[in-house]
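Trainee: Got a structure for you, questions after.
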Amino acid sequence: MKLLPIFPAYYNLLDKIGWYTLRAVCIAVLAYLLLPVVAIIPLSFSDSSFLAYPIEGLSLKWYREMWHSDDWSRATRNSFIVAPLATLLATVLGTLAAMGLAHARFFGKGFITSLLIAPMVVPIVVVGVSSYLYFAKFGLNDSYLGLILVHAALGAPFVVTTVLATLQGFNQNLVKASLSLGANPLETFFRVTLPVIAPGVISGALFAFATSFDEVVVTLFLAGPEQVTLPRQMFTGIRENISPTIAAVATLLILFTTTLMLTLEWLRGRRK
């Protein structure tokens, strides 16, 4: 029994239906994820003292209040103190750890790698409680140093994973050639290795910065009144007094995070 031939037009119709269906589903999922985030932006320009739709009038007074408020100014300053320093520490330690793991061959390497990236999977509440109890012995609670150390520990796994991924395609003959021409290992790293793996290092650093900048749970455990960061100030404001100022801060954080993500995509495209 012969099967009836299926015309090419039938296949073209199925392809078009599948093409439009896939894109419609993708758009619906993106809208579901993004609309709650985007909805907060118009509220930051409302002249009402409540977070509510419809918006009766437009105003920038909540942005002015944010800049002139001592609490928000202190929180912003603390975030831009803790996050860059934690990022610097996480980037240095994470890059060194990735270099050692990529080149060395020893027993227990897999266990050490798992241990280094454990902060990515351990519940953040566990990290906060354990850090609080451990740092209390050394007087590091309610201090910038304790907060920076924990934020660096949370960001370092991102640096380790991105640098390890970059080193997978690194040609070790470049290092051997540099050493054979008289360069010492330190010069070889800065002049040969680092320029090649720089996209991975920068990508990991941006992830570490975003992790530190957005972290709130550990900050609740470790930070004192003088170390309050933006996420903790937002958490306190939502819990005690909901103000449209929070919407203004959230809008700026959305723009800041979007810029970081676009930078990451640019670096990823350049690495490819």
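Lettering and numbering for the structure tokens are positional, with chains as A, B, ... in the shown order, residues counted from 1 in each chain, and ligands counted from 1 in the shown order.
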Residues at most 7 Å from region 121-136 of chain A, counting only C-alpha atoms, excluding those fewer than 6 positions away in the same chain, as a VMD selection string?
Mentor: chain A and resid 217 to 218 221 to 222
Trainee: At a cut-off of 12 Å, using only C-alpha atoms, what residues contact Gly100 (chain A)? Leave out same-chain residues fewer than 5 positions from it and give the result as a PyMOL selection string.
Mentor: chain A and resi 93-95+105-106+109+112-113+160+163-164+167
Trainee: Can you tell me which residues surround region 51-54 of chain A at a distance of at most 9 Å, considering only C-alpha atoms, apart from same-chain residues fewer than 2 positions away, and format the answer as JSON, numbers by chain?
Mentor: {"A": [40, 43, 44, 46, 48, 49, 56, 242, 243, 244, 247]}
Trainee: Could you dump the residues just selected with N, CA, C and O atoms as an mmCIF file, in the first residue's frame?
Mentor:
```cif
data_model
loop_
_atom_site.group_PDB
_atom_site.id
_atom_site.type_symbol
_atom_site.label_atom_id
_atom_site.label_comp_id
_atom_site.auth_asym_id
_atom_site.auth_seq_id
_atom_site.Cartn_x
_atom_site.Cartn_y
_atom_site.Cartn_z
ATOM 1 N N ILE A 40 6.964 48.668 38.783
ATOM 2 C CA ILE A 40 7.388 49.534 39.875
ATOM 3 C C ILE A 40 7.951 50.860 39.371
ATOM 4 O O ILE A 40 7.976 51.853 40.111
ATOM 5 N N LEU A 43 5.572 53.950 39.347
ATOM 6 C CA LEU A 43 5.224 54.370 40.704
ATOM 7 C C LEU A 43 6.278 55.282 41.310
ATOM 8 O O LEU A 43 5.976 56.080 42.192
ATOM 9 N N SER A 44 7.535 55.156 40.836
ATOM 10 C CA SER A 44 8.591 56.017 41.381
ATOM 11 C C SER A 44 8.427 57.464 40.945
ATOM 12 O O SER A 44 9.032 58.364 41.542
ATOM 13 N N SER A 46 5.340 58.913 40.766
ATOM 14 C CA SER A 46 4.031 59.347 41.239
ATOM 15 C C SER A 46 4.191 60.408 42.322
ATOM 16 O O SER A 46 5.144 60.381 43.109
ATOM 17 N N SER A 48 1.883 60.736 44.581
ATOM 18 C CA SER A 48 1.103 60.217 45.693
ATOM 19 C C SER A 48 2.024 59.647 46.765
ATOM 20 O O SER A 48 3.144 59.209 46.483
ATOM 21 N N SER A 49 1.561 59.642 47.990
ATOM 22 C CA SER A 49 2.337 59.101 49.100
ATOM 23 C C SER A 49 2.129 57.607 49.277
ATOM 24 O O SER A 49 2.644 57.022 50.239
ATOM 25 N N GLU A 56 -2.082 59.557 39.640
ATOM 26 C CA GLU A 56 -2.817 60.814 39.415
ATOM 27 C C GLU A 56 -1.926 61.926 38.893
ATOM 28 O O GLU A 56 -2.350 62.754 38.105
ATOM 29 N N ILE A 242 6.090 51.734 54.274
ATOM 30 C CA ILE A 242 6.151 51.647 52.820
ATOM 31 C C ILE A 242 6.033 53.038 52.225
ATOM 32 O O ILE A 242 5.034 53.736 52.410
ATOM 33 N N SER A 243 7.060 53.442 51.511
ATOM 34 C CA SER A 243 7.106 54.768 50.907
ATOM 35 C C SER A 243 7.487 54.638 49.438
ATOM 36 O O SER A 243 8.264 53.745 49.070
ATOM 37 N N PRO A 244 6.959 55.527 48.565
ATOM 38 C CA PRO A 244 7.371 55.503 47.154
ATOM 39 C C PRO A 244 8.861 55.730 46.949
ATOM 40 O O PRO A 244 9.366 55.510 45.845
ATOM 41 N N ALA A 247 10.321 52.727 45.663
ATOM 42 C CA ALA A 247 10.142 52.538 44.219
ATOM 43 C C ALA A 247 11.226 53.275 43.443
ATOM 44 O O ALA A 247 11.718 52.780 42.420
#
```
Trainee: What is the CA of Val150 (chain A)-CA of Thr211 (chain A) distance in Å, reported with one decimal?
Mentor: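 Answer for the CA of Val150 (chain A) to CA of Thr211 (chain A) separation: 11.1 Å.
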Trainee: When distances are computed from only C-alpha atoms, which of A:Thr258, A:Gln233, A:Leu264, A:Leu252 shows the smallest separation from Arg74 (chain A)?
Mentor: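 Smallest distance to Arg74 (chain A) is found for A:Gln233.
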Trainee: Between A:Leu154, A:Leu35, A:Phe213, A:Ala205, which has the minimum distance to Pro231 (chain A) (counting only C-alpha atoms)?
Mentor: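 Of all the options, A:Phe213 lies closest to Pro231 (chain A).
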Trainee: Which of region 146-193 of chain A end up as alpha helix (DSSP H) when DSSP is run on this backbone - answer as a PyMOL selection string?
Mentor: chain A and resi 146-167+173-180+185-188
Trainee: Can you pull out the residues contacting Gly155 (chain A)? Cut-off 12 Å, using only C-alpha atoms, and skip same-chain residues under 6 positions away; I want them as a VMD selection string.
Mentor: chain A and resid 83 to 95 116 to 120 148 to 149 161 to 162 203 to 215
Trainee: Do you have the CA of Trp72 (chain A)-CA of Thr229 (chain A) distance handy?
Mentor: 8.7 Å
Trainee: One decimal, in Å: what's the spacing between CA of Asn173 (chain A) and CA of Phe107 (chain A)?
Mentor: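 So the answer is 25.2 Å.
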Trainee: Rank A:Pro36, A:Pro185, A:Gly224, A:Gly18 by their smallest atom-to-atom distance to Leu147 (chain A), using only C-alpha atoms, and report the top residue only.
Mentor: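 Between A:Pro36, A:Pro185, A:Gly224, A:Gly18, the residue approaching Leu147 (chain A) most closely is A:Gly224.
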Trainee: Need to verify the contact set: Gln227 (chain A), 10 Å, only C-alpha atoms, exclusion of same-chain residues closer than 3 positions in sequence. Can you return it as a compact mmCIF listing (two decimals) with all heavy atoms, in the first residue's frame?
Mentor:
```txt
# COMPACT_ATOMS: atom_id res chain seq x y z
N ARG A 74 23.43 57.15 53.50
CA ARG A 74 24.36 56.25 54.21
C ARG A 74 24.31 54.85 53.62
O ARG A 74 25.35 54.21 53.42
CB ARG A 74 24.03 56.21 55.69
CG ARG A 74 24.96 55.32 56.50
CD ARG A 74 24.70 55.39 58.00
NE ARG A 74 23.36 54.91 58.33
CZ ARG A 74 22.37 55.68 58.74
NH1 ARG A 74 22.56 56.99 58.85
NH2 ARG A 74 21.18 55.19 59.03
N ALA A 75 23.11 54.37 53.31
CA ALA A 75 22.98 53.04 52.74
C ALA A 75 23.65 52.96 51.37
O ALA A 75 24.32 51.96 51.05
CB ALA A 75 21.50 52.66 52.64
N ARG A 77 26.12 54.86 50.27
CA ARG A 77 27.57 54.93 50.48
C ARG A 77 28.12 53.59 50.94
O ARG A 77 29.16 53.13 50.47
CB ARG A 77 27.88 56.02 51.51
CG ARG A 77 29.38 56.21 51.76
CD ARG A 77 29.65 57.30 52.77
NE ARG A 77 29.16 56.95 54.10
CZ ARG A 77 28.10 57.51 54.67
NH1 ARG A 77 27.43 58.45 54.03
NH2 ARG A 77 27.71 57.14 55.88
N ASN A 78 27.43 52.94 51.86
CA ASN A 78 27.90 51.64 52.35
C ASN A 78 27.90 50.59 51.25
O ASN A 78 28.82 49.76 51.18
CB ASN A 78 27.01 51.18 53.51
CG ASN A 78 27.23 51.99 54.77
OD1 ASN A 78 28.28 52.60 54.95
ND2 ASN A 78 26.25 52.02 55.66
N SER A 79 26.88 50.59 50.41
CA SER A 79 26.82 49.61 49.32
C SER A 79 27.99 49.79 48.37
O SER A 79 28.58 48.80 47.90
CB SER A 79 25.50 49.74 48.56
OG SER A 79 24.42 49.26 49.34
N ILE A 81 30.82 50.98 49.16
CA ILE A 81 32.07 50.67 49.87
C ILE A 81 32.26 49.16 49.94
O ILE A 81 33.33 48.63 49.59
CB ILE A 81 32.07 51.27 51.28
CG1 ILE A 81 32.18 52.80 51.22
CG2 ILE A 81 33.22 50.70 52.11
CD1 ILE A 81 32.05 53.48 52.57
N VAL A 82 31.22 48.47 50.37
CA VAL A 82 31.32 47.03 50.60
C VAL A 82 31.43 46.26 49.29
O VAL A 82 32.30 45.38 49.13
CB VAL A 82 30.11 46.54 51.42
CG1 VAL A 82 30.11 45.01 51.52
CG2 VAL A 82 30.12 47.16 52.80
N ASP A 142 29.05 43.67 63.15
CA ASP A 142 28.85 45.13 63.14
C ASP A 142 30.11 45.85 62.65
O ASP A 142 30.49 46.90 63.18
CB ASP A 142 28.47 45.66 64.53
CG ASP A 142 27.17 45.06 65.03
OD1 ASP A 142 26.42 44.48 64.23
OD2 ASP A 142 26.91 45.17 66.24
N SER A 143 30.76 45.28 61.64
CA SER A 143 31.97 45.91 61.10
C SER A 143 31.97 45.77 59.59
O SER A 143 31.38 44.84 59.03
CB SER A 143 33.23 45.29 61.69
OG SER A 143 33.40 43.97 61.23
N TYR A 144 32.65 46.69 58.93
CA TYR A 144 32.79 46.62 57.48
C TYR A 144 33.62 45.41 57.06
O TYR A 144 33.32 44.76 56.05
CB TYR A 144 33.45 47.90 56.94
CG TYR A 144 32.54 49.09 56.94
CD1 TYR A 144 32.67 50.08 57.90
CD2 TYR A 144 31.57 49.25 55.96
CE1 TYR A 144 31.85 51.19 57.91
CE2 TYR A 144 30.74 50.36 55.95
CZ TYR A 144 30.88 51.33 56.93
OH TYR A 144 30.05 52.41 56.93
N LEU A 147 31.61 42.16 56.99
CA LEU A 147 30.66 42.18 55.88
C LEU A 147 31.37 41.95 54.54
O LEU A 147 30.90 41.21 53.68
CB LEU A 147 29.91 43.51 55.87
CG LEU A 147 28.56 43.56 55.15
CD1 LEU A 147 27.59 42.56 55.75
CD2 LEU A 147 27.98 44.97 55.23
N THR A 219 23.61 40.50 55.44
CA THR A 219 23.72 41.86 55.98
C THR A 219 22.83 42.04 57.20
O THR A 219 23.20 42.76 58.14
CB THR A 219 23.36 42.88 54.89
OG1 THR A 219 24.12 42.61 53.71
CG2 THR A 219 23.66 44.29 55.36
N LEU A 220 21.67 41.41 57.21
CA LEU A 220 20.79 41.49 58.37
C LEU A 220 21.45 40.90 59.61
O LEU A 220 21.24 41.37 60.74
CB LEU A 220 19.47 40.78 58.09
CG LEU A 220 18.50 41.46 57.13
CD1 LEU A 220 17.35 40.53 56.79
CD2 LEU A 220 17.97 42.75 57.73
N LEU A 222 24.96 40.47 60.06
CA LEU A 222 26.29 40.98 60.38
C LEU A 222 26.39 42.49 60.51
O LEU A 222 27.25 42.98 61.24
CB LEU A 222 27.29 40.51 59.33
CG LEU A 222 27.53 38.99 59.21
CD1 LEU A 222 28.55 38.71 58.13
CD2 LEU A 222 27.99 38.42 60.54
N ALA A 223 25.57 43.23 59.79
CA ALA A 223 25.73 44.68 59.73
C ALA A 223 25.08 45.36 60.93
O ALA A 223 23.99 44.97 61.37
CB ALA A 223 25.14 45.23 58.44
N GLY A 224 25.77 46.39 61.43
CA GLY A 224 25.21 47.23 62.48
C GLY A 224 24.53 48.45 61.87
O GLY A 224 24.41 48.57 60.65
N LEU A 230 21.97 49.29 50.84
CA LEU A 230 20.71 49.61 50.16
C LEU A 230 19.67 48.50 50.27
O LEU A 230 18.51 48.77 50.59
CB LEU A 230 20.99 49.93 48.68
CG LEU A 230 21.36 51.37 48.36
CD1 LEU A 230 21.73 51.50 46.89
CD2 LEU A 230 20.21 52.31 48.69
N ARG A 232 19.29 46.24 52.56
CA ARG A 232 18.78 46.18 53.94
C ARG A 232 17.90 47.38 54.24
O ARG A 232 16.88 47.26 54.93
CB ARG A 232 19.93 46.10 54.94
CG ARG A 232 19.43 46.06 56.36
CD ARG A 232 20.51 45.89 57.38
NE ARG A 232 19.96 46.09 58.72
CZ ARG A 232 20.67 45.99 59.84
NH1 ARG A 232 21.95 45.67 59.78
NH2 ARG A 232 20.12 46.20 61.01
```
Trainee: Tell me which protein, DNA and RNA residues are within 10 Å of Trp266 (chain A), counting only C-alpha atoms, leaving out same-chain ones fewer than 5 positions away, and put them as a count of residues only.
Mentor: 5
